[in-house]
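Dumped work00.txt below, it's compact mmCIF, C-alpha atoms and all ligand atoms:
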```txt
# COMPACT_ATOMS: atom_id res chain seq x y z
CA MET H 67 0.00 0.00 0.00
CA SER H 68 2.86 2.32 0.86
CA TYR H 69 4.52 1.58 -2.50
CA ALA H 70 1.30 2.47 -4.32
CA ASN H 71 0.99 5.75 -2.35
CA ALA H 72 -2.36 4.45 -1.06
CA PRO H 73 -4.02 6.98 1.27
CA ILE H 74 -4.04 4.73 4.34
CA GLY H 75 -4.25 7.68 6.75
CA TYR H 76 -4.72 6.68 10.37
CA SER H 77 -5.68 3.07 9.57
CA THR H 78 -1.97 2.35 10.23
CA ILE H 79 -2.71 2.48 13.95
CA GLY H 80 -5.50 -0.10 13.68
CA VAL H 81 -3.83 -2.40 11.16
CA GLY H 82 -0.25 -2.07 12.37
CA TRP H 83 -0.45 -1.58 16.15
CA ALA H 84 -3.89 -2.11 17.73
CA GLY H 85 -4.89 -5.17 15.67
CA PRO H 86 -1.64 -7.11 16.24
CA THR H 87 -1.79 -6.33 19.99
CA ILE H 88 -5.39 -7.60 20.15
CA ILE H 89 -4.27 -10.77 18.34
CA VAL H 90 -1.66 -11.38 21.06
CA TYR H 91 -3.66 -10.42 24.18
CA GLY H 92 -7.36 -10.12 23.26
CA THR H 93 -10.21 -12.39 24.35
CA GLY H 94 -12.17 -14.32 21.71
CA GLN H 95 -14.92 -11.71 21.98
CA GLN H 96 -12.49 -8.77 21.54
CA LYS H 97 -10.94 -10.42 18.48
CA LYS H 98 -14.39 -11.04 17.00
CA GLN H 99 -15.51 -7.49 17.68
CA HIS H 100 -12.43 -5.67 16.40
CA LEU H 101 -10.21 -7.59 14.01
CA SER H 102 -12.33 -7.84 10.89
CA ALA H 103 -13.61 -4.27 11.42
CA ILE H 104 -9.96 -3.14 11.40
CA THR H 105 -8.94 -5.08 8.30
CA ASP H 106 -12.11 -3.97 6.48
CA ALA H 107 -11.24 -0.33 7.39
CA GLU H 108 -14.63 0.03 9.10
CA THR H 109 -13.00 1.37 12.25
CA MET H 110 -10.19 3.88 12.69
CA TRP H 111 -7.99 3.77 15.79
CA CYS H 112 -5.84 6.19 17.72
CA GLN H 113 -3.23 5.63 20.39
CA GLY H 114 -3.69 7.23 23.83
CA PHE H 115 -0.28 6.65 25.38
CA SER H 116 1.63 9.97 25.70
CA GLU H 117 0.70 12.57 28.30
CA PRO H 118 2.07 16.03 29.12
CA ASN H 119 4.41 14.44 31.71
CA ALA H 120 4.80 11.00 30.15
CA GLY H 121 6.59 10.73 26.79
CA SER H 122 9.92 8.90 26.81
CA ASP H 123 9.19 8.06 30.44
CA LEU H 124 5.81 6.65 29.49
CA ALA H 125 5.26 4.78 32.76
CA ASN H 126 5.03 8.19 34.45
CA LEU H 127 1.47 8.49 33.11
CA ALA H 128 -1.18 9.96 35.41
CA THR H 129 -4.49 9.20 33.65
CA ARG H 130 -6.51 7.05 36.07
CA ALA H 131 -9.05 4.29 35.51
CA VAL H 132 -10.96 3.46 38.68
CA LYS H 133 -13.12 0.35 38.93
CA ASP H 134 -16.76 1.14 39.73
CA GLY H 135 -19.17 -1.80 39.61
CA ASP H 136 -18.96 -3.32 36.13
CA ASP H 137 -17.23 -0.26 34.69
CA TYR H 138 -14.00 1.70 34.84
CA VAL H 139 -14.21 5.48 35.23
CA ILE H 140 -11.41 7.30 33.42
CA ASN H 141 -10.04 10.75 34.22
CA GLY H 142 -6.96 12.46 32.80
CA GLN H 143 -5.36 13.80 29.64
CA LYS H 144 -3.49 12.42 26.64
CA ILE H 145 -1.41 14.47 24.19
CA TRP H 146 0.00 14.16 20.64
CA THR H 147 -2.82 11.70 19.90
CA SER H 148 -2.58 11.30 16.11
CA GLY H 149 -5.94 11.04 14.37
CA ALA H 150 -8.07 11.18 17.55
CA HIS H 151 -10.45 13.50 15.68
CA TYR H 152 -11.17 10.72 13.15
CA ALA H 153 -10.87 7.70 15.39
CA ASP H 154 -13.70 5.38 16.39
CA TRP H 155 -11.57 3.56 18.98
CA MET H 156 -8.52 4.24 21.09
CA ILE H 157 -5.88 1.96 22.56
CA LEU H 158 -5.45 3.57 25.97
CA ILE H 159 -3.12 2.97 28.88
CA ALA H 160 -4.16 4.28 32.28
CA ARG H 161 -3.17 3.82 35.90
CA THR H 162 -5.35 1.34 37.80
CA ASP H 163 -3.22 0.94 40.93
CA GLN H 164 -1.90 4.11 42.53
CA GLU H 165 0.18 2.26 45.12
CA ALA H 166 2.05 -0.16 42.82
CA PRO H 167 5.52 0.62 41.37
CA LYS H 168 4.96 2.78 38.31
CA HIS H 169 5.36 0.07 35.63
CA LYS H 170 3.10 -2.36 37.51
CA GLY H 171 -0.07 -0.34 38.15
CA ILE H 172 -0.99 0.30 34.50
CA SER H 173 -3.83 -1.32 32.50
CA TYR H 174 -4.60 -1.37 28.79
CA PHE H 175 -8.07 -0.53 27.45
CA LEU H 176 -9.88 -0.57 24.11
CA VAL H 177 -12.03 2.56 24.35
CA ASP H 178 -14.94 3.67 22.19
CA MET H 179 -14.21 7.32 21.30
CA LYS H 180 -17.95 8.11 21.41
CA THR H 181 -18.00 7.42 25.16
CA PRO H 182 -19.51 10.44 26.99
CA GLY H 183 -16.78 12.36 28.85
CA ILE H 184 -14.14 12.07 26.08
CA SER H 185 -13.29 15.26 24.18
CA THR H 186 -10.50 16.24 21.78
CA ARG H 187 -8.73 19.53 21.07
CA PRO H 188 -6.61 20.03 17.92
CA LEU H 189 -2.84 20.63 17.92
CA ILE H 190 -1.45 22.12 14.69
CA ASP H 191 1.97 20.84 13.55
CA MET H 192 4.81 22.65 11.76
CA MET H 193 3.32 21.73 8.35
CA ASN H 194 0.19 23.60 9.41
CA ASN H 195 -1.71 20.30 9.52
CA HIS H 196 -4.16 19.10 12.11
CA GLY H 197 -2.82 15.61 12.80
CA PHE H 198 -2.32 15.61 16.58
CA ASN H 199 -4.77 16.25 19.38
CA GLU H 200 -5.08 16.57 23.08
CA VAL H 201 -7.68 14.13 24.43
CA PHE H 202 -9.45 14.75 27.73
CA PHE H 203 -11.25 12.19 29.91
CA GLU H 204 -13.76 13.52 32.40
CA ASN H 205 -15.51 10.69 34.24
CA ALA H 206 -15.58 8.65 31.02
CA ARG H 207 -17.24 5.36 31.95
CA VAL H 208 -16.16 2.29 29.94
CA PRO H 209 -17.40 -1.29 30.46
CA ARG H 210 -15.12 -3.80 32.12
CA ASP H 211 -14.82 -5.89 28.94
CA CYS H 212 -12.82 -3.02 27.39
CA LEU H 213 -9.87 -4.16 29.50
CA LEU H 214 -7.25 -5.90 27.34
CA GLY H 215 -5.47 -8.74 29.11
CA GLU H 216 -5.03 -8.68 32.88
CA GLU H 217 -5.54 -5.61 35.04
CA ASN H 218 -2.25 -3.94 36.05
CA ARG H 219 -0.30 -5.82 33.33
CA GLY H 220 -0.86 -3.11 30.72
CA TRP H 221 2.76 -1.95 30.62
CA TYR H 222 3.87 -5.21 29.02
CA MET H 223 1.10 -4.99 26.41
CA ALA H 224 1.99 -1.35 25.70
CA THR H 225 5.60 -2.32 25.00
CA THR H 226 4.30 -4.99 22.60
CA THR H 227 2.28 -2.30 20.79
CA LEU H 228 5.38 -0.09 20.61
CA ASP H 229 7.39 -3.00 19.19
CA PHE H 230 4.80 -3.39 16.43
CA GLU H 231 4.73 0.40 15.90
CA ARG H 232 8.49 0.55 15.41
CA SER H 233 8.58 -2.12 12.72
CA SER H 234 8.59 0.65 10.05
CA ILE H 235 7.89 -1.67 7.14
CA GLY H 236 5.77 0.86 5.26
CA GLY H 237 8.52 3.46 5.61
CA ALA H 238 11.14 1.28 3.94
CA VAL H 239 8.81 0.48 1.06
CA GLY H 240 7.88 4.17 0.70
CA ALA H 241 11.59 5.05 0.52
CA ARG H 242 12.02 2.67 -2.43
CA LYS H 243 9.15 4.44 -4.18
CA MET H 244 10.68 7.86 -3.49
CA LEU H 245 14.01 6.70 -4.90
CA GLU H 246 12.35 5.52 -8.11
CA GLU H 247 10.47 8.81 -8.51
CA LEU H 248 13.62 10.82 -7.88
CA THR H 249 15.64 8.76 -10.35
CA GLU H 250 12.95 9.26 -13.00
CA TYR H 251 12.89 13.00 -12.24
CA THR H 252 16.67 13.29 -12.83
CA ARG H 253 16.30 11.48 -16.17
CA ALA H 254 13.57 13.88 -17.27
CA THR H 255 15.05 17.17 -16.03
CA PRO H 256 17.50 19.19 -18.18
CA VAL H 257 20.37 21.11 -16.59
CA PRO H 258 20.14 24.70 -17.90
CA GLY H 259 23.00 25.73 -20.21
CA ASN H 260 24.96 22.51 -20.88
CA GLY H 261 22.50 20.22 -22.66
CA HIS H 262 22.77 17.59 -19.91
CA ARG H 263 20.06 15.95 -17.89
CA LEU H 264 20.39 15.89 -14.10
CA SER H 265 21.02 12.14 -14.41
CA ASP H 266 24.23 12.88 -16.39
CA GLU H 267 25.78 14.72 -13.44
CA ILE H 268 28.20 12.62 -11.38
CA PRO H 269 27.30 14.13 -7.95
CA VAL H 270 23.63 13.31 -8.65
CA LYS H 271 24.49 9.71 -9.58
CA VAL H 272 26.59 9.30 -6.43
CA ARG H 273 23.80 10.69 -4.26
CA LEU H 274 21.24 8.35 -5.81
CA ALA H 275 23.58 5.36 -5.49
CA ASP H 276 24.03 6.08 -1.77
CA ALA H 277 20.25 6.40 -1.41
CA ALA H 278 19.75 3.08 -3.23
CA VAL H 279 22.08 1.27 -0.81
CA GLU H 280 20.27 2.77 2.18
CA ALA H 281 16.81 1.98 0.82
CA GLU H 282 17.84 -1.64 0.28
CA LEU H 283 19.28 -1.89 3.81
CA GLY H 284 16.06 -0.45 5.25
CA ARG H 285 14.04 -3.00 3.30
CA LEU H 286 16.13 -5.91 4.60
CA LEU H 287 15.92 -4.70 8.21
CA SER H 288 12.14 -4.48 7.82
CA TYR H 289 11.96 -7.97 6.29
CA ARG H 290 13.74 -9.29 9.37
CA VAL H 291 11.00 -7.79 11.56
CA ALA H 292 8.25 -9.08 9.24
CA ALA H 293 9.79 -12.57 9.25
CA MET H 294 9.74 -12.61 13.07
CA GLN H 295 6.10 -11.50 13.11
CA ALA H 296 5.22 -14.20 10.57
CA ARG H 297 6.68 -16.78 12.99
CA GLY H 298 4.50 -15.43 15.82
CA LEU H 299 7.40 -13.68 17.58
CA VAL H 300 7.20 -10.10 18.89
CA PRO H 301 10.26 -8.26 17.58
CA ASN H 302 11.86 -6.03 20.20
CA TYR H 303 15.29 -4.44 19.72
CA GLU H 304 15.05 -5.63 16.11
CA SER H 305 12.13 -3.20 15.65
CA SER H 306 14.15 -0.42 17.27
CA ILE H 307 17.02 -1.03 14.84
CA ALA H 308 14.61 -0.89 11.89
CA LYS H 309 12.85 2.21 13.24
CA LEU H 310 16.09 4.05 13.98
CA PHE H 311 17.64 3.28 10.60
CA ASN H 312 14.51 3.80 8.51
CA THR H 313 13.51 7.15 10.01
CA ASP H 314 17.04 8.54 9.52
CA MET H 315 17.28 6.97 6.07
CA GLN H 316 14.00 8.52 4.91
CA LEU H 317 15.08 11.91 6.22
CA ARG H 318 18.32 11.63 4.22
CA MET H 319 16.33 10.48 1.18
CA ALA H 320 14.02 13.50 1.42
CA LYS H 321 17.02 15.80 1.88
CA ALA H 322 18.77 14.27 -1.16
CA GLY H 323 15.65 14.91 -3.24
CA MET H 324 15.36 18.52 -2.09
CA GLU H 325 19.04 19.17 -2.84
CA ILE H 326 18.89 17.54 -6.29
CA MET H 327 15.82 19.64 -7.14
CA GLY H 328 17.57 22.79 -5.94
CA LEU H 329 15.32 25.65 -4.90
CA TYR H 330 12.32 23.94 -6.54
CA GLY H 331 12.67 21.23 -3.91
CA GLN H 332 11.65 23.64 -1.17
CA LEU H 333 8.42 24.79 -2.80
CA ASP H 334 5.06 24.28 -1.16
CA PRO H 335 2.98 21.48 -2.76
CA LYS H 336 0.43 24.10 -3.87
CA SER H 337 2.97 25.92 -6.07
CA LYS H 338 2.55 25.42 -9.82
CA TRP H 339 6.35 25.02 -10.12
CA VAL H 340 6.68 22.28 -7.53
CA PRO H 341 8.27 19.00 -8.75
CA LEU H 342 6.79 15.60 -7.81
CA LYS H 343 3.82 17.23 -6.05
CA GLY H 344 6.11 18.52 -3.29
CA ARG H 345 6.45 15.04 -1.79
CA PHE H 346 10.11 15.48 -0.84
CA GLU H 347 9.62 18.76 1.00
CA ARG H 348 6.58 17.31 2.85
CA GLN H 349 8.48 14.13 3.64
CA TYR H 350 11.42 16.13 5.01
CA LEU H 351 9.20 17.97 7.49
CA TRP H 352 7.11 14.90 8.34
CA GLN H 353 10.15 12.70 8.82
CA THR H 354 11.58 15.04 11.44
CA GLY H 355 8.51 14.27 13.58
CA LEU H 356 8.72 10.53 12.91
CA ALA H 357 12.13 10.49 14.59
CA VAL H 358 10.20 11.42 17.77
CA GLY H 359 6.87 9.55 17.39
CA GLY H 360 6.89 5.95 18.61
CA GLY H 361 9.88 6.70 20.83
CA THR H 362 12.71 9.09 20.05
CA THR H 363 16.02 8.22 18.43
CA GLU H 364 17.73 8.34 21.84
CA ILE H 365 15.19 5.91 23.31
CA GLN H 366 15.70 3.47 20.40
CA LYS H 367 19.46 3.59 21.06
CA ASN H 368 18.86 2.85 24.75
CA ILE H 369 16.73 -0.19 23.80
CA ILE H 370 19.30 -1.50 21.31
CA ALA H 371 22.10 -1.09 23.88
CA GLN H 372 20.18 -2.69 26.76
CA ARG H 373 18.06 -5.40 25.14
CA GLY H 374 20.13 -6.02 22.02
CA LEU H 375 23.65 -5.80 23.48
CA GLY H 376 22.81 -6.64 27.11
CA MET H 377 24.33 -3.43 28.47
CA PRO H 378 23.18 -2.17 31.89
CA ARG H 379 20.38 0.40 32.25
CA GLY H 380 21.96 3.79 32.79
C1 LIG X 1 4.64 12.58 14.55
C2 LIG X 1 4.29 12.17 15.96
C3 LIG X 1 3.18 11.39 16.19
C4 LIG X 1 2.84 11.02 17.51
N1 LIG X 1 1.70 10.30 17.70
C5 LIG X 1 1.39 9.88 18.95
C6 LIG X 1 0.19 9.13 19.17
O1 LIG X 1 -0.60 8.89 18.25
N2 LIG X 1 -0.08 8.72 20.42
C7 LIG X 1 0.74 8.97 21.47
O2 LIG X 1 0.45 8.51 22.57
N3 LIG X 1 1.87 9.73 21.30
C8 LIG X 1 2.20 10.19 20.07
N4 LIG X 1 3.32 10.96 19.87
C9 LIG X 1 4.12 11.35 21.03
C10 LIG X 1 5.48 10.65 21.10
O3 LIG X 1 5.35 9.29 21.43
C11 LIG X 1 6.33 11.42 22.12
O4 LIG X 1 6.52 12.72 21.61
C12 LIG X 1 7.68 10.75 22.34
O5 LIG X 1 7.53 9.54 23.04
C13 LIG X 1 8.64 11.67 23.13
O6 LIG X 1 8.04 12.14 24.29
P1 LIG X 1 8.07 13.71 24.64
O7 LIG X 1 7.57 14.46 23.46
O8 LIG X 1 7.36 13.88 25.93
O9 LIG X 1 9.61 14.08 24.79
P2 LIG X 1 10.54 13.81 26.09
O10 LIG X 1 10.30 12.43 26.61
O11 LIG X 1 10.32 14.94 27.05
O12 LIG X 1 11.97 13.89 25.47
C14 LIG X 1 12.66 15.14 25.22
C15 LIG X 1 14.08 14.81 24.76
O13 LIG X 1 14.80 14.12 25.81
C16 LIG X 1 15.34 12.89 25.31
N5 LIG X 1 15.28 11.86 26.35
C17 LIG X 1 14.25 11.62 27.21
N6 LIG X 1 14.54 10.57 28.01
C18 LIG X 1 15.76 10.11 27.63
C19 LIG X 1 16.60 9.04 28.07
N7 LIG X 1 16.22 8.20 29.05
N8 LIG X 1 17.80 8.86 27.45
C20 LIG X 1 18.20 9.70 26.44
N9 LIG X 1 17.44 10.74 25.99
C21 LIG X 1 16.24 10.94 26.57
C22 LIG X 1 14.43 12.51 24.15
O14 LIG X 1 15.10 11.65 23.23
C23 LIG X 1 14.10 13.88 23.55
O15 LIG X 1 15.14 14.28 22.68
C24 LIG X 1 3.66 11.41 18.59
C25 LIG X 1 4.77 12.22 18.36
C26 LIG X 1 5.08 12.61 17.06
C27 LIG X 1 6.25 13.51 16.85
```
Starting from the file, lay out its structure as structure tokens.
Ligand SMILES: Cc1cc2nc3c(=O)[nH]c(=O)nc-3n(C[C@H](O)[C@H](O)[C@H](O)COP(=O)(O)OP(=O)(O)OC[C@H]3O[C@@H](n4cnc5c(N)ncnc54)[C@H](O)[C@@H]3O)c2cc1C
Amino acid sequence: MSYANAPIGYSTIGVGWAGPTIIVYGTGQQKKQHLSAITDAETMWCQGFSEPNAGSDLANLATRAVKDGDDYVINGQKIWTSGAHYADWMILIARTDQEAPKHKGISYFLVDMKTPGISTRPLIDMMNNHGFNEVFFENARVPRDCLLGEENRGWYMATTTLDFERSSIGGAVGARKMLEELTEYTRATPVPGNGHRLSDEIPVKVRLADAAVEAELGRLLSYRVAAMQARGLVPNYESSIAKLFNTDMQLRMAKAGMEIMGLYGQLDPKSKWVPLKGRFERQYLWQTGLAVGGGTTEIQKNIIAQRGLGMPRG
């Protein structure tokens, strides 16, 4: 889908993160209710993990879910919630035991966004897009069967979701597509004054060759993650390696495109002079955010060092 530039929008969260987590931890009823609706794109999902004081240190979250009869009553705030304004459902983590150590008192919920007491407020990003939101919970009452897995074990499920999120397979495939478009652009674009095409210029060829090597590496790292998933394993530091490499690689790819296009590469997509619909300029700005979303570059390096290389937590 990524290769075909399909407009998958926020269905990534359902298909790539929520669905696979429900497959691992959901009850038969939860799987029946959600999985085919996700794959048929009948439901859109968002991810309610980050909070104003819980980003990299996610277990610091303060949103509370208190058991009350057959329900949980949720109060608190989430932030940077991509697509919450479109979403039908949210994967939510909230604190259910105030006394437990911070990683142990968290539970994982599948929450209907139409629940009374849930409201969203837009956050506008540096591309002037409304992608993120703040989400507020004021006595939002959800039934007990929204709990995924065991109560107070939500941290471990959340890390599974993050492992799926970091797999970055779509990104690697998208990079291949960008490389092909850029290569075609250099073949079609004359260099003013010397009768050459951009593709005749040695620095352009070198830049594209470097990008080709990186795109191939990103694809192979992603295949490794996909192969583990196909065997029923949950990739961990392997996902962090793929995420770290692919986000940096796509940023370099976007930068290469903008430099090869010269000043045209910086034009807004609405400009009549913009090459390739402005995809490289958009990707450059978007990619900067993707190095933060799903866990920052520094956090991926911590995971690779600790879980991949067995180094002590520092
Ligand atoms: C495009 C995008 C989409 C997002 N979508 C969602 C979403 O849908 N749902 C959701 O819940 N969240 C979402 N987020 C939020 C994202 O998960 C957080 O921004 C991210 O986890 C970082 O948290 P923070 O912003 O609080 O930064 P902080 O945690 O405050 O980090 C600030 C800086 O300190 C560094 N740092 C922090 N701790 C350490 C450490 N232990 N070692 C080394 N360096 C450290 C970080 O790397 C970073 O550079 C999104 C963010 C972006 C950019």
task: Might you pull out every residue within 10 Å of stretch 117-123 of chain H, with all atoms listed in the file counted and same-chain residues fewer than 4 positions away left off, and present them as a ChimeraX atom specification?
output: /H:127-129,142-147,200-201,358-362,364-365
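Shortest separation to ligand LIG 1 (chain X) among H:Val208, H:Leu356, H:Ala278, H:Met156 occurs at residue H:Leu356, atoms counted being only C-alpha atoms and all ligand atoms.
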field: Spatial neighbours of H:Met315, max dist 9 Å, all atoms listed in the file, sep filter under 5 positions, as a VMD selection string
entry: chain H and resid 238 241 277 280 to 281 284 310 320
Keeping only C-alpha atoms, write those residues as a PDB file, in the frame of the given file.
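Okay, this is what ended up in again-v4.pdb:
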```
ATOM      1  CA  ALA H 238      11.140   1.280   3.940  1.00  0.00           C
ATOM      2  CA  ALA H 241      11.590   5.050   0.520  1.00  0.00           C
ATOM      3  CA  ALA H 277      20.250   6.400  -1.410  1.00  0.00           C
ATOM      4  CA  GLU H 280      20.270   2.770   2.180  1.00  0.00           C
ATOM      5  CA  ALA H 281      16.810   1.980   0.820  1.00  0.00           C
ATOM      6  CA  GLY H 284      16.060  -0.450   5.250  1.00  0.00           C
ATOM      7  CA  LEU H 310      16.090   4.050  13.980  1.00  0.00           C
ATOM      8  CA  ALA H 320      14.020  13.500   1.420  1.00  0.00           C
TER       9      ALA H 320
END
```
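If you measure from each of H:Ala371, H:Ile184, H:Leu287, H:Val239 to ligand LIG 1 (chain X) using all atoms listed in the file, the closest one turns out to be H:Ala371.
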Tell me which residues come within 6 Å of (-2.6, -1.6, 19.4), as a PDB file with C-alpha atoms, keeping the file's coordinate frame, counting all atoms listed in the file in the file's coordinates.
```pdb
ATOM      1  CA  TRP H  83      -0.450  -1.580  16.150  1.00  0.00           C
ATOM      2  CA  ALA H  84      -3.890  -2.110  17.730  1.00  0.00           C
ATOM      3  CA  GLY H  85      -4.890  -5.170  15.670  1.00  0.00           C
ATOM      4  CA  THR H  87      -1.790  -6.330  19.990  1.00  0.00           C
ATOM      5  CA  ILE H 157      -5.880   1.960  22.560  1.00  0.00           C
ATOM      6  CA  THR H 227       2.280  -2.300  20.790  1.00  0.00           C
TER       7      THR H 227
END
```
